[in-house]
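Written out below as structure tokens is the structure these notes cover.
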Amino acid sequence: MVDRAGDPPSMRRTLAGLRQYRHLLRNLVLKDLKLKYRGSVIGFLWSLANPLVMCVVYVVAFTKILRAGAEGYVFYVMLGLQAWTFFSSSAAMSTGAIVDNAGLVKSVSFPRAILPTATVLFNLAQYILTVLVFLPLLLLYYRVPLAAPMLLFPVFVGLQSLFTIGVALILATSTAFFRDVRHLVEVALAVLFWTTPIVYQVAGVSPRLRSLILMSPMSPYIGAYQDIFYYRQWPDATLWLTAVGYAAVTLVLGLWLIVRNEDSFAERI
């Protein structure tokens, strides 16, 4: 039995709970990874197939049909496409993190933030495995020399992960009250994809739209990967501030929202 009146929900208690229940978090991630590839012949290779096929489609469309691709365009697209897949898959899956685990939520006491967080970490594991395969191959194929800015890659992956966890917490909580959120997320992701510089370069956009594109939620993270690997330069101060700001604000908002409503989940789902 847990006396919820004597220990009211708070962000501090939720963060402590994530650490206390880290074994549950780890087991949820491992369970999803095992279920995803169980019974599959080629296993993890299916996770490589999706970004590879999408990359081929965009490369053919932009370089052969529209003839708008720059040198090393495949490298440029893959940097953004892999990071986008991590974010979009996490956002889409997080909408069901709480409502699809109604039995667990109603029968076991644990911080509900674990469920959307586990969804993000599951997709993060796939992203890292994909990067470990594709990134070295692309660097070798395009003969990209190693550069000091590339050391920032883990930093921006961490910032993107915090931002994505914040988004997942918001979406998981919202879906528990409004089921239409799932459908809205599908539309929003389609719009966000084209407002993020993944298949085009910001320099080619008109100045009137450039500032709006740079403020798109995923732009600072994907822009950072393009800076450190494609352009081999240090991200500027504006990009740093935007990336850190989005991660901090979204994570705090997500934690506040799920803490405020987690006692109502059992009734809503």
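Residues are named by chain letter and number: chains run A, B, ... in the order of the structure tokens, numbers start at 1 in each chain, and ligands are numbered from 1 in the order shown.
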### Task
List every residue of segment 142-253 of chain A that DSSP, applied to the backbone of this structure, places in helix (DSSP H, G or I), and write the result as a PyMOL selection string.
chain A and resi 148-177+181-194+202-204+207-214+219-230+237-253
#### Entry: segment 169-174 of chain A surroundings by only C-alpha atoms, 9 Å radius, close-in-sequence under 4 positions cut, as a PyMOL selection string
chain A and resi 91-99+113+115-117+164-165+178-179+181-182+185+250-251+253-255+257-258+261-262+265
### Query
Which residue, A:Pro154, A:Met78, A:Thr85, A:Met54, has the smallest gap to Leu135 of chain A when you use only C-alpha atoms?
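The closest residue to Leu135 of chain A is A:Met78.
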Hey, could you make a per-residue contact list for segment 28-121 of chain A against segment 195-198 of chain A with 7 Å as the cut-off, showing the nearest pair of atoms and its distance in Å to one decimal, counting only C-alpha atoms, sorted by chain and number, as a Markdown table?
```
| residue | atom | partner | partner_atom | distance |
| --- | --- | --- | --- | --- |
| A:Val77 | CA | A:Ile198 | CA | 5.8 |
| A:Gly80 | CA | A:Ile198 | CA | 4.9 |
| A:Leu81 | CA | A:Ile198 | CA | 6.4 |
```
### Message
Could you list, as a ChimeraX atom specification, every residue within 10 Å of Leu138 of chain A, counting only C-alpha atoms and ignoring same-chain residues fewer than 3 positions away?
### Response
/A:72,74-76,78-79,133-135,141-144
### Query
By how many Å are atom CA of Ile128 of chain A and atom CA of Phe156 of chain A apart?
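Atom CA of Ile128 of chain A sits 12.7 Å away from atom CA of Phe156 of chain A.
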Between segment 96-123 of chain A and segment 8-29 of chain A, at 10 Å or less, what are the per-residue closest atom pairs and their distances in Å? Count only C-alpha atoms, order by chain and rising residue number, and return it as a tab-separated table.
```
residue	atom	partner	partner_atom	distance
A:Phe110	CA	A:Gly17	CA	7.4
A:Pro111	CA	A:Gly17	CA	5.9
A:Arg112	CA	A:Thr14	CA	8.4
A:Ala113	CA	A:Thr14	CA	7.3
A:Ile114	CA	A:Leu25	CA	6.1
A:Leu115	CA	A:Leu25	CA	7.7
A:Pro116	CA	A:Leu25	CA	9.9
A:Thr117	CA	A:Leu25	CA	7.9
A:Ala118	CA	A:Val29	CA	5.6
A:Thr119	CA	A:Val29	CA	7.1
A:Val120	CA	A:Val29	CA	8.9
A:Leu121	CA	A:Val29	CA	6.6
A:Phe122	CA	A:Val29	CA	5.1
A:Asn123	CA	A:Val29	CA	8.9
```
Residues of the last selection are to be written out with C-alpha atoms, as a CSV table (one decimal), in the first residue's frame.
```csv
chain,number,residue,atom,x,y,z
A,110,PHE,CA,5.3,3.1,-10.0
A,111,PRO,CA,6.1,6.5,-11.5
A,112,ARG,CA,4.0,6.7,-14.7
A,113,ALA,CA,6.8,8.7,-16.3
A,114,ILE,CA,8.7,5.4,-16.7
A,115,LEU,CA,6.3,4.2,-19.5
A,116,PRO,CA,6.9,7.1,-22.1
A,117,THR,CA,10.6,7.2,-21.0
A,118,ALA,CA,11.0,3.6,-21.8
A,119,THR,CA,9.5,4.2,-25.3
A,120,VAL,CA,12.1,6.9,-26.0
A,121,LEU,CA,15.0,4.8,-24.7
A,122,PHE,CA,13.8,1.9,-26.9
A,123,ASN,CA,14.0,4.1,-30.0
```
#### Entry: Spatial neighbours of Gln126 of chain A, 12 Å, only C-alpha atoms, chain gap at least 2 places, as a ChimeraX atom specification
/A:29-30,32-34,36-37,43-48,50-51,82-83,85-87,89-90,119-124,128-133
### Message
Please determine, counting only C-alpha atoms, which residue among A:Arg208, A:Arg232, A:Lys106, A:His183 has the shortest atom-to-atom distance to Ile269 of chain A.
### Response
A:Lys106
### Test item: residues at most 12 Å from Ser219 of chain A, only C-alpha atoms, excluding those fewer than 6 positions along its chain, as an MDAnalysis selection string
chainID A and resid 80:81 83:84 87 156 160 192:198 200:202 210:213 225:227 238:240 242:243 246
What does the file look like for those residues with N, CA and C atoms, as a PDB file, in the first residue's frame?
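The result, written out as selection_2.pdb:
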```pdb
ATOM      1  N   GLY A  80      20.253  13.629 -41.109  1.00  0.00           N
ATOM      2  CA  GLY A  80      18.984  14.136 -40.609  1.00  0.00           C
ATOM      3  C   GLY A  80      17.917  13.075 -40.506  1.00  0.00           C
ATOM      4  N   LEU A  81      17.901  12.153 -41.463  1.00  0.00           N
ATOM      5  CA  LEU A  81      16.841  11.146 -41.503  1.00  0.00           C
ATOM      6  C   LEU A  81      16.917  10.189 -40.323  1.00  0.00           C
ATOM      7  N   ALA A  83      18.186  10.809 -37.293  1.00  0.00           N
ATOM      8  CA  ALA A  83      17.766  11.534 -36.091  1.00  0.00           C
ATOM      9  C   ALA A  83      16.259  11.770 -36.099  1.00  0.00           C
ATOM     10  N   TRP A  84      15.706  12.071 -37.270  1.00  0.00           N
ATOM     11  CA  TRP A  84      14.264  12.293 -37.376  1.00  0.00           C
ATOM     12  C   TRP A  84      13.489  11.010 -37.080  1.00  0.00           C
ATOM     13  N   PHE A  87      13.189  10.525 -33.389  1.00  0.00           N
ATOM     14  CA  PHE A  87      12.209  11.420 -32.782  1.00  0.00           C
ATOM     15  C   PHE A  87      10.783  11.047 -33.158  1.00  0.00           C
ATOM     16  N   PHE A 156      24.831  16.269 -28.272  1.00  0.00           N
ATOM     17  CA  PHE A 156      23.574  16.614 -28.927  1.00  0.00           C
ATOM     18  C   PHE A 156      22.605  15.436 -28.961  1.00  0.00           C
ATOM     19  N   GLN A 160      18.927  15.859 -27.533  1.00  0.00           N
ATOM     20  CA  GLN A 160      17.760  15.423 -28.295  1.00  0.00           C
ATOM     21  C   GLN A 160      16.959  14.386 -27.515  1.00  0.00           C
ATOM     22  N   LEU A 192       5.991  18.760 -39.516  1.00  0.00           N
ATOM     23  CA  LEU A 192       7.307  19.040 -38.939  1.00  0.00           C
ATOM     24  C   LEU A 192       8.446  18.520 -39.804  1.00  0.00           C
ATOM     25  N   PHE A 193       8.215  17.405 -40.484  1.00  0.00           N
ATOM     26  CA  PHE A 193       9.272  16.853 -41.332  1.00  0.00           C
ATOM     27  C   PHE A 193       9.715  17.871 -42.378  1.00  0.00           C
ATOM     28  N   TRP A 194       8.746  18.523 -42.993  1.00  0.00           N
ATOM     29  CA  TRP A 194       9.082  19.456 -44.076  1.00  0.00           C
ATOM     30  C   TRP A 194       9.474  20.836 -43.559  1.00  0.00           C
ATOM     31  N   THR A 195       9.268  21.091 -42.277  1.00  0.00           N
ATOM     32  CA  THR A 195       9.758  22.347 -41.698  1.00  0.00           C
ATOM     33  C   THR A 195      11.103  22.144 -41.002  1.00  0.00           C
ATOM     34  N   THR A 196      11.675  20.959 -41.173  1.00  0.00           N
ATOM     35  CA  THR A 196      12.992  20.641 -40.623  1.00  0.00           C
ATOM     36  C   THR A 196      13.957  20.414 -41.783  1.00  0.00           C
ATOM     37  N   PRO A 197      15.145  21.010 -41.763  1.00  0.00           N
ATOM     38  CA  PRO A 197      16.087  20.880 -42.883  1.00  0.00           C
ATOM     39  C   PRO A 197      16.739  19.498 -42.959  1.00  0.00           C
ATOM     40  N   ILE A 198      15.969  18.528 -43.439  1.00  0.00           N
ATOM     41  CA  ILE A 198      16.464  17.161 -43.585  1.00  0.00           C
ATOM     42  C   ILE A 198      16.839  16.874 -45.031  1.00  0.00           C
ATOM     43  N   TYR A 200      16.655  19.242 -47.486  1.00  0.00           N
ATOM     44  CA  TYR A 200      17.080  20.481 -48.137  1.00  0.00           C
ATOM     45  C   TYR A 200      17.999  21.241 -47.189  1.00  0.00           C
ATOM     46  N   GLN A 201      18.753  22.175 -47.715  1.00  0.00           N
ATOM     47  CA  GLN A 201      19.671  22.983 -46.916  1.00  0.00           C
ATOM     48  C   GLN A 201      19.039  24.321 -46.591  1.00  0.00           C
ATOM     49  N   VAL A 202      19.280  24.793 -45.384  1.00  0.00           N
ATOM     50  CA  VAL A 202      18.695  26.053 -44.935  1.00  0.00           C
ATOM     51  C   VAL A 202      19.149  27.210 -45.815  1.00  0.00           C
ATOM     52  N   ARG A 210      13.547  31.343 -43.455  1.00  0.00           N
ATOM     53  CA  ARG A 210      14.697  30.706 -42.821  1.00  0.00           C
ATOM     54  C   ARG A 210      14.601  30.721 -41.299  1.00  0.00           C
ATOM     55  N   SER A 211      14.213  31.856 -40.725  1.00  0.00           N
ATOM     56  CA  SER A 211      14.134  31.948 -39.260  1.00  0.00           C
ATOM     57  C   SER A 211      13.071  31.017 -38.698  1.00  0.00           C
ATOM     58  N   LEU A 212      11.955  30.853 -39.429  1.00  0.00           N
ATOM     59  CA  LEU A 212      10.893  29.955 -38.966  1.00  0.00           C
ATOM     60  C   LEU A 212      11.356  28.514 -38.993  1.00  0.00           C
ATOM     61  N   ILE A 213      12.099  28.139 -40.042  1.00  0.00           N
ATOM     62  CA  ILE A 213      12.598  26.769 -40.153  1.00  0.00           C
ATOM     63  C   ILE A 213      13.610  26.479 -39.055  1.00  0.00           C
ATOM     64  N   TYR A 225      23.961  18.017 -36.025  1.00  0.00           N
ATOM     65  CA  TYR A 225      24.589  16.846 -36.642  1.00  0.00           C
ATOM     66  C   TYR A 225      25.161  17.195 -38.018  1.00  0.00           C
ATOM     67  N   GLN A 226      24.427  18.012 -38.764  1.00  0.00           N
ATOM     68  CA  GLN A 226      24.926  18.428 -40.080  1.00  0.00           C
ATOM     69  C   GLN A 226      26.156  19.317 -39.940  1.00  0.00           C
ATOM     70  N   ASP A 227      26.168  20.173 -38.943  1.00  0.00           N
ATOM     71  CA  ASP A 227      27.330  21.045 -38.727  1.00  0.00           C
ATOM     72  C   ASP A 227      28.582  20.242 -38.400  1.00  0.00           C
ATOM     73  N   THR A 238      23.657  30.431 -31.225  1.00  0.00           N
ATOM     74  CA  THR A 238      22.193  30.403 -31.344  1.00  0.00           C
ATOM     75  C   THR A 238      21.672  28.971 -31.367  1.00  0.00           C
ATOM     76  N   LEU A 239      22.356  28.110 -32.096  1.00  0.00           N
ATOM     77  CA  LEU A 239      21.943  26.715 -32.157  1.00  0.00           C
ATOM     78  C   LEU A 239      22.059  26.054 -30.788  1.00  0.00           C
ATOM     79  N   TRP A 240      23.150  26.324 -30.090  1.00  0.00           N
ATOM     80  CA  TRP A 240      23.332  25.786 -28.740  1.00  0.00           C
ATOM     81  C   TRP A 240      22.188  26.219 -27.816  1.00  0.00           C
ATOM     82  N   THR A 242      19.218  27.288 -28.552  1.00  0.00           N
ATOM     83  CA  THR A 242      17.933  26.722 -28.961  1.00  0.00           C
ATOM     84  C   THR A 242      17.827  25.258 -28.560  1.00  0.00           C
ATOM     85  N   ALA A 243      18.891  24.496 -28.793  1.00  0.00           N
ATOM     86  CA  ALA A 243      18.875  23.070 -28.463  1.00  0.00           C
ATOM     87  C   ALA A 243      18.724  22.843 -26.961  1.00  0.00           C
ATOM     88  N   TYR A 246      15.099  24.125 -25.805  1.00  0.00           N
ATOM     89  CA  TYR A 246      14.017  23.196 -26.133  1.00  0.00           C
ATOM     90  C   TYR A 246      14.051  21.973 -25.224  1.00  0.00           C
TER      91      TYR A 246
END
```
### Query
So how far away is atom CA of Pro217 of chain A from atom CA of Ser88 of chain A, in Å?
11.7 Å
### Gap from atom CA of Val105 of chain A to atom CA of Ala266 of chain A - Å, one decimal
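Value for the atom CA of Val105 of chain A-atom CA of Ala266 of chain A distance: 6.4 Å.
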### Polymer residues at most 9 Å from segment 146-148 of chain A, only C-alpha atoms, same-chain spacing of 5 or more positions, as number ranges by chain
A: 139, 228-229, 232-234
### Query
With only C-alpha atoms as the basis for distance, which of A:Ala224, A:Leu35, A:Ala237, A:Val57 is at the shortest distance from Leu159 of chain A?
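Once distances to Leu159 of chain A are computed over only C-alpha atoms, the minimum belongs to A:Ala224.
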